[in-house]
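To start, the structure itself, in structure tokens.
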Amino acid sequence: MKRASASTGHMGSHNGTRAMDQNLAIIQIRNCLLVSIQAELHDRLALDLQESLMERVRAVDAKGVILDVSAVEIIDSYITRILNDIGKSVRFMGAECYIVGIRPAVAMTLIEMGVELDSVSTALNLDLALERLELLQ
Amino acid sequence: MQPEDPQTIVEFSHERLEDLIQALAYAAIDDFDACMSLLREDGSDTFAWLEAGFNDFLGQLKIIKADLQGALARAEVSNRELEAKLETIERQQAAIRELSTPLIEVWSGVLCLPVVGIVDSQRSAEMTESLLEAIVNKQARIAIIDITGIDAMDTKTADHFIKMAKAVRLLGADCTLSGINPAIAQTLTHIGVDLTGVRTMRNLRDALQTFLREQSAINLKIHAGQAQG
């Protein structure tokens with residue numbers, strides 16, 4: 001699970017986040033934050049991500065947050081709850097949260113489980129999410 | 001060993017006993033004709049009566065066995081026929097399934113799924129799967145599910161469509177339902193189906209037109225933004 005460890009360098013000098021050790025890079029593009037999740041999203045990792053992401057949103061005054069989950073094969077109800085929480089918190093801070101690249105199998109499973117991912121917006125890919133965030137401004 | 005009562009002694013030649021044994025051996029391997037030819041039926045002495053008794057039994061056994069074998073053969077034939085029919089049905093079902101989910105890219109980024117016939121849970125799962133795969137592969141922004149070909153809808157079917165629309169929205173594409181006929185509209189209202197998040201349009205043409213209009217508005221806005229920047 002350490003294959004994307006090189007990308008953690010993007011975190012720069014930001015400190016105090018355990019997510020840093022876990023292949024999660026929070027990248028800033030203009031006034032948006034992008035997190036490309038390249039590892040399996042387990043509970044601890046998701047909670048760390050939530051924490052460090054909120055810090056960064058405040059630090060850079062981000063207008064949008066994009067979570068790329070195209071490499072994530074399993075999203076369970078707990079992870080969904082955390083994603084919804086992230087969406088709500090980001091909205092409280094005046095930004096918009098987009099989840100991009102949900103896999104078809106993951107989408108079908110979530111629907112079959114009856115889990116709603118309704119506190120975040122979704123987009124097909126990074127490009128479309130950026131386009132929509134740009135239109136909001 | 002001396003017999004106590006001389007009257008019980010029956011005399012017969014050793015050959016006749018051997019014949020009887022051989023006849024039973026033939027009977028054991030189902031060769032009834034060879035078996036019965038060895039047994040005498042004249043009833044000339046006590047041993048001959050015994051042979052006649054065996055003969056009767058074996059004759060009946062032969063008839064019953066033939067009957068059973070005939071019935072078995074007939075059952076096997078009908079079984080084979082049934083199996084062939086089942087196979088045909090399965091093949092046809094597969095063919096219908098293939099036919100049932102045509103996905104048409106009517107415009108760049110617009111996928112259309114015309115639905116005809118009965119939508120059960122298996123079919124809806126297959127439709128959803130192929131629709132989601134196609135959306136990701138073609139990066140389609142909108143999926144139009146056209147249900148002009150459906151005459152009636154119950155709660156379950158409506159639920160399948162709502163699930164399909166939700167799954168499409170999870171991927172980040174929009175989902176439009178087009179071609180709802182008056183009967184279905186009334187049913188959906190009557191059973192209180194919540195269609196929020198699913199856009200409904202009169203027909204495929206309207207759905208496509210709306211998408212194109214909105215897309216050009218978005219493009220204009222982007223261009224305006226770029227010109228300003």
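Following the order of the structure tokens, first chain is A, next is B, and so on, with residues numbered from 1 inside each chain and ligands from 1 in the order they appear.
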Tell me the residues of chain A close to chain B, meaning within 7 Å using only C-alpha atoms, as a PyMOL selection string.
chain A and resi 100-102+104+107-108+111+122-124
Got time to write the residues from that selection, C-alpha atoms, as a short mmCIF file (atom, residue, chain, number, x, y, z; two decimals), in the first residue's frame?
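Everything below was put into result-v2.cif:
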```cif
data_model
loop_
_atom_site.label_atom_id
_atom_site.label_comp_id
_atom_site.auth_asym_id
_atom_site.auth_seq_id
_atom_site.Cartn_x
_atom_site.Cartn_y
_atom_site.Cartn_z
CA VAL A 100 -15.10 12.36 -8.91
CA GLY A 101 -14.49 9.01 -10.54
CA ILE A 102 -16.75 6.73 -8.53
CA PRO A 104 -19.66 1.74 -11.59
CA ALA A 107 -22.03 3.10 -7.35
CA MET A 108 -24.17 -0.01 -7.76
CA ILE A 111 -27.38 2.07 -4.29
CA THR A 122 -20.41 14.22 -7.97
CA ALA A 123 -18.71 14.66 -11.32
CA LEU A 124 -17.52 12.21 -13.92
#
```
Quick one: pick out all strand (DSSP E) residues within chain A from a backbone DSSP run and write them as a list in words.
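Put together, the selection reads Leu24, Ala25, Ile26, Ile27, Gln28, Ile29, Cys32, Leu33, Leu34, Val35, Ser36, Ile37, Gly64, Val65, Ile66, Leu67, Asp68, Glu96, Cys97, Tyr98, Ile99, Val100, Ser121, Thr122 and Ala123 of chain A.
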If you measure from atom CA of Thr187 of chain B to atom CA of Arg202 of chain B, what distance in Å do you get, rounded to one decimal?
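Atom CA of Arg202 of chain B lies at a distance of 16.5 Å from atom CA of Thr187 of chain B.
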Between B:Ser178, B:Thr148, B:Gln209, B:Gln92, which has the minimum distance to Val116 of chain B (counting only C-alpha atoms)?
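Of B:Ser178, B:Thr148, B:Gln209, B:Gln92, the one nearest Val116 of chain B, counting only C-alpha atoms, is B:Thr148.
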Distance query Ala143 of chain B at most 6 Å, only C-alpha atoms, self and fewer than 4 positions along chain excluded, as number ranges by chain
B: 110-112, 175
Write to file, as a compact mmCIF listing (two decimals), in the first residue's frame, the residues of the selection just made, with N, CA and C atoms.
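What follows is the written file result-v4.txt:
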```txt
# COMPACT_ATOMS: atom_id res chain seq x y z
N VAL B 110 -23.89 12.13 -24.74
CA VAL B 110 -25.29 11.83 -24.42
C VAL B 110 -25.57 10.36 -24.72
N LEU B 111 -25.90 9.61 -23.68
CA LEU B 111 -26.23 8.19 -23.87
C LEU B 111 -27.73 8.02 -23.74
N CYS B 112 -28.30 7.22 -24.64
CA CYS B 112 -29.72 6.97 -24.55
C CYS B 112 -29.96 5.48 -24.34
N CYS B 175 -29.22 12.29 -15.03
CA CYS B 175 -30.11 11.26 -15.55
C CYS B 175 -31.47 11.86 -15.85
```
One number please: atom CA of Ala105 of chain A to atom CA of Asp154 of chain B, in Å, one decimal.
26.2 Å
One decimal, in Å: what's the spacing between atom CA of Ser121 of chain A and atom CA of Thr176 of chain B?
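Spanning atom CA of Ser121 of chain A to atom CA of Thr176 of chain B is a straight-line distance of 17.3 Å.
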Which residue is closest to Arg81 of chain A? Choose from A:Ser119, A:Thr109, A:Ser36, A:Ser52 and count only C-alpha atoms.
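Selected residue with least distance to Arg81 of chain A: A:Ser119.
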Best match for closeness to Val72 of chain A among A:Leu126, A:Val60, A:Ile37, A:Leu135, counting only C-alpha atoms
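Result for the nearest residue to Val72 of chain A: A:Ile37.
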Shell around segment 77-79 of chain A at 9 Å using only C-alpha atoms, local window under 6 positions removed, as a PDB file with C-alpha atoms, in the first residue's frame:
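As written to disk, result29.pdb reads:
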```pdb
ATOM      1  CA  LEU A  41      -9.760   4.051   1.933  1.00  0.00           C
ATOM      2  CA  HIS A  42      -9.910   2.498   5.367  1.00  0.00           C
ATOM      3  CA  ASP A  43     -11.568   4.115   8.356  1.00  0.00           C
ATOM      4  CA  ALA A  46     -10.604   8.622   5.994  1.00  0.00           C
ATOM      5  CA  LEU A  47     -10.763  10.256   9.414  1.00  0.00           C
ATOM      6  CA  LEU A 110     -23.960   1.951  -2.635  1.00  0.00           C
ATOM      7  CA  MET A 113     -27.105  -0.901   0.208  1.00  0.00           C
ATOM      8  CA  VAL A 115     -26.656   4.421   1.302  1.00  0.00           C
TER       9      VAL A 115
END
```
For the structure I just gave you, how does DSSP split segment 53-156 of chain B - specifically, which residues are alpha helix (DSSP H)? Reply as an MDAnalysis selection string.
chainID B and resid 53:100 121:138 155:156
Can you tell me which residues surround Gln93 of chain B at a distance of at most 12 Å, considering only C-alpha atoms, apart from same-chain residues fewer than 6 positions away, and format the answer as number ranges by chain?
B: 86-87, 99-100, 122-123
